[in-house]
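J.: Structure in structure tokens, see below.
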Amino acid sequence: MSRAVLSLGSNLGDRLAYLRLAVDGLSDVLIAASPVYETAPWGVTDQPDFLNAVLIVESPELDEWGWLRRGQALEQEAERRREQRWGPRTLDVDVVTVDGVRSDDPELLLPHPGTPSRATVLIPWLAIDPGAELPGHGRVADLLDALPANEIADVHLRADLKLH
């Protein structure tokens, strides 16, 4: 059995519909879906705000590469265009971690390298797995506690938005 944590983000078009596309596309393997959060863009800041969520998925048939391919297929279905690094996107599906696997392959870095410093991933992840650990980095709660308060405050729960 392979268990993965996937991070979702969208800041173009019907953002919630794109997140729901991912949830629907993974419904056969979905264990848990976080609430939806709204966050300011990171990296390239002159773009619309993001909706973010985290999913926990599980399958006996997929390894880390299988999770990457499933995420990429969902991005293609959402007609994602990769025109600018950290630029706007209809749907972003990041493989955060898979069963503690480590990978330094440029196509699939595991655990996802930005995770320890991204409240946009840590907060939704903790919402569905309070005891979560990021391999090689420790408890997700401790990683979140180490972030600047303003980065945590910039992640806003959107209780009015539901993934399913």
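Chain lettering (A, B, ...) mirrors the order of the structure tokens, residue numbering begins at 1 for each chain separately, and ligand numbering begins at 1 in order of display.
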Can you pull out the residues contacting range 91-108 of chain A? Cut-off 10 Å, using only C-alpha atoms, and skip same-chain residues under 4 positions away; I want them as a PyMOL selection string.
T.: chain A and resi 1-13+15-19+21-22+50-58+62-65+67-81+112-115+121+133-136
J.: Report as a PyMOL selection string all protein, DNA and RNA residues lying within 12 Å of Ala153 in chain A, evaluated on only C-alpha atoms, omitting residues in the same chain fewer than 4 positions from it.
T.: chain A and resi 37-40+119-120+123+144-145+147-149+157
J.: Restricting the output to C-alpha atoms, write the selected residues as a PDB file, in the first residue's frame.
T.:
```pdb
ATOM      1  CA  TYR A  37      -7.531  27.925   2.399  1.00  0.00           C
ATOM      2  CA  GLU A  38      -6.876  31.163   0.532  1.00  0.00           C
ATOM      3  CA  THR A  39      -3.362  32.519   0.346  1.00  0.00           C
ATOM      4  CA  ALA A  40      -1.426  35.296  -1.312  1.00  0.00           C
ATOM      5  CA  ALA A 119       2.402  27.435   5.593  1.00  0.00           C
ATOM      6  CA  THR A 120       0.152  26.938   2.542  1.00  0.00           C
ATOM      7  CA  ILE A 123      -1.628  24.250   7.733  1.00  0.00           C
ATOM      8  CA  LEU A 144       4.764  25.302  11.260  1.00  0.00           C
ATOM      9  CA  ASP A 145       5.692  26.674  14.700  1.00  0.00           C
ATOM     10  CA  LEU A 147       7.620  29.860  10.574  1.00  0.00           C
ATOM     11  CA  PRO A 148       7.227  33.631  10.961  1.00  0.00           C
ATOM     12  CA  ALA A 149       3.834  34.566  12.391  1.00  0.00           C
ATOM     13  CA  LEU A 157      -9.485  29.267   6.122  1.00  0.00           C
TER      14      LEU A 157
END
```
J.: Would you give me, as a ChimeraX atom specification, the residues in chain A that DSSP reads as strand (DSSP E or B)?
T.: /A:2-10,30-33,37-39,50-59,92-98,103-105,108-110,133-134,138-139,155-157
J.: Produce a file of the selected residues containing N, CA and C atoms, as a compact mmCIF listing (two decimals), in the first residue's frame.
T.:
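This is the output file part-v1.txt:
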```txt
# COMPACT_ATOMS: atom_id res chain seq x y z
N SER A 2 0.61 2.15 -0.89
CA SER A 2 1.35 3.40 -1.01
C SER A 2 0.46 4.54 -0.52
N ARG A 3 1.01 5.37 0.37
CA ARG A 3 0.26 6.51 0.92
C ARG A 3 1.02 7.78 0.56
N ALA A 4 0.29 8.75 0.01
CA ALA A 4 0.92 10.00 -0.41
C ALA A 4 0.16 11.20 0.14
N VAL A 5 0.89 12.29 0.28
CA VAL A 5 0.31 13.58 0.62
C VAL A 5 0.50 14.46 -0.61
N LEU A 6 -0.62 15.00 -1.10
CA LEU A 6 -0.61 15.85 -2.28
C LEU A 6 -1.09 17.25 -1.90
N SER A 7 -0.42 18.24 -2.43
CA SER A 7 -0.82 19.63 -2.20
C SER A 7 -1.45 20.16 -3.47
N LEU A 8 -2.60 20.83 -3.32
CA LEU A 8 -3.32 21.40 -4.45
C LEU A 8 -3.31 22.92 -4.37
N GLY A 9 -3.22 23.56 -5.53
CA GLY A 9 -3.32 25.01 -5.58
C GLY A 9 -3.93 25.45 -6.90
N SER A 10 -4.67 26.55 -6.86
CA SER A 10 -5.27 27.12 -8.07
C SER A 10 -5.45 28.61 -7.87
N LEU A 30 -8.87 8.50 -2.41
CA LEU A 30 -8.88 9.58 -1.41
C LEU A 30 -9.15 9.05 0.00
N ILE A 31 -8.26 9.39 0.91
CA ILE A 31 -8.42 9.05 2.33
C ILE A 31 -8.94 10.27 3.09
N ALA A 32 -8.38 11.45 2.80
CA ALA A 32 -8.79 12.67 3.50
C ALA A 32 -8.51 13.89 2.63
N ALA A 33 -9.39 14.89 2.75
CA ALA A 33 -9.22 16.17 2.07
C ALA A 33 -9.31 17.28 3.10
N TYR A 37 -8.16 26.72 1.86
CA TYR A 37 -7.53 27.92 2.40
C TYR A 37 -7.23 28.87 1.24
N GLU A 38 -7.24 30.16 1.53
CA GLU A 38 -6.88 31.16 0.53
C GLU A 38 -5.58 31.82 0.98
N THR A 39 -4.68 31.98 0.02
CA THR A 39 -3.36 32.52 0.35
C THR A 39 -2.89 33.46 -0.75
N PHE A 50 -4.35 32.41 -4.29
CA PHE A 50 -4.54 30.98 -4.50
C PHE A 50 -5.58 30.41 -3.55
N LEU A 51 -6.26 29.38 -4.01
CA LEU A 51 -6.96 28.47 -3.12
C LEU A 51 -6.06 27.26 -2.99
N ASN A 52 -5.90 26.76 -1.77
CA ASN A 52 -5.02 25.62 -1.49
C ASN A 52 -5.74 24.58 -0.66
N ALA A 53 -5.32 23.34 -0.83
CA ALA A 53 -5.81 22.23 -0.01
C ALA A 53 -4.76 21.13 -0.05
N VAL A 54 -4.89 20.19 0.86
CA VAL A 54 -4.01 19.02 0.91
C VAL A 54 -4.88 17.77 0.94
N LEU A 55 -4.43 16.76 0.20
CA LEU A 55 -5.12 15.47 0.17
C LEU A 55 -4.19 14.38 0.67
N ILE A 56 -4.76 13.41 1.35
CA ILE A 56 -4.05 12.17 1.66
C ILE A 56 -4.71 11.10 0.81
N VAL A 57 -3.88 10.40 0.06
CA VAL A 57 -4.36 9.38 -0.87
C VAL A 57 -3.61 8.08 -0.63
N GLU A 58 -4.24 6.97 -1.02
CA GLU A 58 -3.63 5.66 -0.77
C GLU A 58 -4.03 4.70 -1.88
N SER A 59 -3.05 3.90 -2.33
CA SER A 59 -3.32 2.91 -3.38
C SER A 59 -2.28 1.80 -3.32
N ASP A 92 -2.35 23.15 -9.69
CA ASP A 92 -1.02 22.66 -9.35
C ASP A 92 -1.22 21.49 -8.40
N VAL A 93 -0.66 20.35 -8.74
CA VAL A 93 -0.72 19.18 -7.86
C VAL A 93 0.72 18.81 -7.54
N ASP A 94 1.14 19.04 -6.31
CA ASP A 94 2.50 18.69 -5.88
C ASP A 94 2.47 17.42 -5.04
N VAL A 95 3.40 16.53 -5.31
CA VAL A 95 3.58 15.35 -4.48
C VAL A 95 4.49 15.79 -3.32
N VAL A 96 3.93 15.85 -2.13
CA VAL A 96 4.65 16.33 -0.97
C VAL A 96 5.54 15.23 -0.40
N THR A 97 4.95 14.06 -0.19
CA THR A 97 5.69 12.92 0.34
C THR A 97 4.94 11.64 0.02
N VAL A 98 5.69 10.57 -0.14
CA VAL A 98 5.12 9.24 -0.40
C VAL A 98 5.88 8.23 0.46
N SER A 103 13.85 11.21 -2.92
CA SER A 103 14.22 11.25 -4.33
C SER A 103 14.88 12.59 -4.63
N ASP A 104 16.02 12.53 -5.32
CA ASP A 104 16.67 13.76 -5.78
C ASP A 104 16.60 13.87 -7.29
N ASP A 105 15.71 13.07 -7.91
CA ASP A 105 15.48 13.18 -9.34
C ASP A 105 14.88 14.55 -9.61
N LEU A 108 11.16 14.64 -9.79
CA LEU A 108 10.38 14.28 -8.60
C LEU A 108 11.27 14.35 -7.36
N LEU A 109 11.32 15.54 -6.77
CA LEU A 109 12.09 15.74 -5.55
C LEU A 109 11.20 15.38 -4.37
N LEU A 110 11.66 14.44 -3.54
CA LEU A 110 10.89 14.01 -2.37
C LEU A 110 11.77 13.95 -1.14
N GLU A 133 4.23 13.87 9.97
CA GLU A 133 5.68 14.09 9.96
C GLU A 133 6.16 14.18 8.54
N LEU A 134 7.09 15.09 8.30
CA LEU A 134 7.71 15.22 6.99
C LEU A 134 9.06 14.52 7.06
N GLY A 138 10.98 16.19 10.39
CA GLY A 138 10.31 16.12 11.69
C GLY A 138 8.82 16.39 11.62
N ARG A 139 8.28 16.71 12.78
CA ARG A 139 6.84 16.93 12.93
C ARG A 139 6.39 18.17 12.16
N VAL A 155 -2.50 32.66 5.72
CA VAL A 155 -3.24 31.50 5.24
C VAL A 155 -4.62 31.54 5.87
N HIS A 156 -5.64 31.81 5.05
CA HIS A 156 -6.99 32.06 5.54
C HIS A 156 -7.93 30.90 5.23
N LEU A 157 -8.49 30.33 6.28
CA LEU A 157 -9.48 29.27 6.12
C LEU A 157 -10.70 29.83 5.39
```
J.: Just the number, please: distance in Å from CA of Thr45 in chain A to CA of Asp14 in chain A, one decimal.
T.: 19.4 Å
J.: Pick out each residue of range 57-162 of chain A that DSSP on the backbone tags as alpha helix (DSSP H); I need them as a PyMOL selection string.
T.: chain A and resi 64-77+119-128+140-145+149-153
J.: Take the residues that were just selected and, keeping N, CA, C and O atoms, output them as a CSV table (one decimal), in the first residue's frame.
T.:
```csv
chain,number,residue,atom,x,y,z
A,64,GLU,N,5.7,6.4,-6.0
A,64,GLU,CA,5.8,7.9,-6.1
A,64,GLU,C,5.7,8.4,-7.5
A,64,GLU,O,5.1,9.4,-7.7
A,65,TRP,N,6.2,7.6,-8.5
A,65,TRP,CA,6.1,8.0,-9.9
A,65,TRP,C,4.6,8.0,-10.3
A,65,TRP,O,4.2,8.8,-11.1
A,66,GLY,N,3.9,7.0,-9.9
A,66,GLY,CA,2.5,6.9,-10.2
A,66,GLY,C,1.7,8.1,-9.7
A,66,GLY,O,0.8,8.6,-10.4
A,67,TRP,N,2.0,8.5,-8.4
A,67,TRP,CA,1.3,9.7,-7.9
A,67,TRP,C,1.7,10.9,-8.7
A,67,TRP,O,0.8,11.8,-9.0
A,68,LEU,N,2.9,11.1,-9.1
A,68,LEU,CA,3.3,12.2,-9.9
A,68,LEU,C,2.5,12.2,-11.2
A,68,LEU,O,2.0,13.2,-11.6
A,69,ARG,N,2.5,11.0,-11.9
A,69,ARG,CA,1.7,11.0,-13.2
A,69,ARG,C,0.2,11.2,-13.0
A,69,ARG,O,-0.4,11.9,-13.8
A,70,ARG,N,-0.4,10.8,-11.9
A,70,ARG,CA,-1.8,11.1,-11.6
A,70,ARG,C,-2.0,12.6,-11.5
A,70,ARG,O,-2.9,13.2,-12.0
A,71,GLY,N,-1.1,13.2,-10.7
A,71,GLY,CA,-1.2,14.7,-10.5
A,71,GLY,C,-1.0,15.4,-11.8
A,71,GLY,O,-1.7,16.4,-12.1
A,72,GLN,N,0.0,15.0,-12.7
A,72,GLN,CA,0.2,15.6,-13.9
A,72,GLN,C,-1.0,15.5,-14.9
A,72,GLN,O,-1.3,16.4,-15.6
A,73,ALA,N,-1.6,14.3,-14.8
A,73,ALA,CA,-2.8,14.1,-15.7
A,73,ALA,C,-3.9,15.0,-15.3
A,73,ALA,O,-4.6,15.6,-16.1
A,74,LEU,N,-4.1,15.3,-14.0
A,74,LEU,CA,-5.1,16.2,-13.5
A,74,LEU,C,-4.8,17.6,-13.9
A,74,LEU,O,-5.7,18.4,-14.3
A,75,GLU,N,-3.5,18.0,-13.9
A,75,GLU,CA,-3.1,19.3,-14.3
A,75,GLU,C,-3.4,19.5,-15.8
A,75,GLU,O,-3.9,20.6,-16.2
A,76,GLN,N,-3.1,18.5,-16.6
A,76,GLN,CA,-3.5,18.5,-18.0
A,76,GLN,C,-4.9,18.7,-18.3
A,76,GLN,O,-5.4,19.4,-19.1
A,77,GLU,N,-5.7,17.9,-17.5
A,77,GLU,CA,-7.2,18.0,-17.6
A,77,GLU,C,-7.7,19.4,-17.3
A,77,GLU,O,-8.7,19.9,-17.9
A,119,ALA,N,3.6,27.5,4.8
A,119,ALA,CA,2.4,27.4,5.6
A,119,ALA,C,1.2,27.0,4.7
A,119,ALA,O,0.3,26.4,5.3
A,120,THR,N,1.2,27.3,3.4
A,120,THR,CA,0.2,26.9,2.5
A,120,THR,C,0.0,25.4,2.4
A,120,THR,O,-1.1,25.0,2.0
A,121,VAL,N,1.0,24.7,2.7
A,121,VAL,CA,1.0,23.2,2.7
A,121,VAL,C,0.8,22.7,4.2
A,121,VAL,O,0.0,21.8,4.4
A,122,LEU,N,1.6,23.2,5.1
A,122,LEU,CA,1.6,22.7,6.4
A,122,LEU,C,0.3,22.9,7.2
A,122,LEU,O,-0.2,21.9,7.8
A,123,ILE,N,-0.4,24.0,7.0
A,123,ILE,CA,-1.6,24.3,7.7
A,123,ILE,C,-2.7,23.3,7.3
A,123,ILE,O,-3.4,22.6,8.1
A,124,PRO,N,-3.0,23.2,5.9
A,124,PRO,CA,-4.0,22.2,5.5
A,124,PRO,C,-3.6,20.8,5.9
A,124,PRO,O,-4.5,20.0,6.2
A,125,TRP,N,-2.4,20.4,5.8
A,125,TRP,CA,-2.0,19.1,6.1
A,125,TRP,C,-2.3,18.8,7.6
A,125,TRP,O,-2.8,17.7,7.9
A,126,LEU,N,-1.9,19.7,8.5
A,126,LEU,CA,-2.2,19.5,9.9
A,126,LEU,C,-3.7,19.4,10.2
A,126,LEU,O,-4.1,18.7,11.1
A,127,ALA,N,-4.5,20.0,9.4
A,127,ALA,CA,-6.0,20.0,9.6
A,127,ALA,C,-6.5,18.6,9.4
A,127,ALA,O,-7.5,18.2,10.0
A,128,ILE,N,-5.8,17.7,8.6
A,128,ILE,CA,-6.3,16.4,8.4
A,128,ILE,C,-5.5,15.3,9.0
A,128,ILE,O,-5.8,14.1,9.0
A,140,VAL,N,5.3,18.0,11.4
A,140,VAL,CA,4.8,19.1,10.7
A,140,VAL,C,4.4,20.3,11.6
A,140,VAL,O,4.6,21.5,11.3
A,141,ALA,N,3.8,20.0,12.8
A,141,ALA,CA,3.4,21.0,13.7
A,141,ALA,C,4.7,21.8,14.1
A,141,ALA,O,4.6,23.0,14.3
A,142,ASP,N,5.8,21.2,14.3
A,142,ASP,CA,7.0,21.9,14.7
A,142,ASP,C,7.5,22.8,13.6
A,142,ASP,O,8.0,23.9,13.8
A,143,LEU,N,7.4,22.3,12.3
A,143,LEU,CA,7.8,23.1,11.2
A,143,LEU,C,7.0,24.3,11.1
A,143,LEU,O,7.5,25.4,10.8
A,144,LEU,N,5.7,24.2,11.3
A,144,LEU,CA,4.8,25.3,11.3
A,144,LEU,C,5.1,26.3,12.4
A,144,LEU,O,5.1,27.5,12.1
A,145,ASP,N,5.4,25.8,13.6
A,145,ASP,CA,5.7,26.7,14.7
A,145,ASP,C,7.0,27.5,14.4
A,145,ASP,O,7.1,28.6,15.0
A,149,ALA,N,5.3,34.4,12.1
A,149,ALA,CA,3.8,34.6,12.4
A,149,ALA,C,3.1,35.1,11.2
A,149,ALA,O,1.9,34.7,11.0
A,150,ASN,N,3.7,36.1,10.5
A,150,ASN,CA,2.9,36.7,9.4
A,150,ASN,C,2.7,35.7,8.3
A,150,ASN,O,1.6,35.8,7.6
A,151,GLU,N,3.5,34.7,8.1
A,151,GLU,CA,3.3,33.7,7.0
A,151,GLU,C,2.1,32.8,7.4
A,151,GLU,O,1.4,32.4,6.5
A,152,ILE,N,2.0,32.5,8.7
A,152,ILE,CA,0.9,31.7,9.2
A,152,ILE,C,-0.4,32.5,9.1
A,152,ILE,O,-1.4,32.0,8.6
A,153,ALA,N,-0.3,33.8,9.4
A,153,ALA,CA,-1.5,34.6,9.4
A,153,ALA,C,-2.0,34.9,8.0
A,153,ALA,O,-3.2,35.2,7.8
```
J.: Please indicate the distance in Å from CA of Arg158 in chain A to CA of Ala146 in chain A, rounded to one decimal place.
T.: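 Those two atoms sit 23.6 Å apart.
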J.: Go through A:Glu61, A:Asp24, A:Asp49, A:Asp129 one by one, measure the shortest atom-to-atom distance of each to His164 in chain A using only C-alpha atoms, and give the residue with the smallest value.
T.: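 Closest to His164 in chain A of all the choices is A:Asp24.
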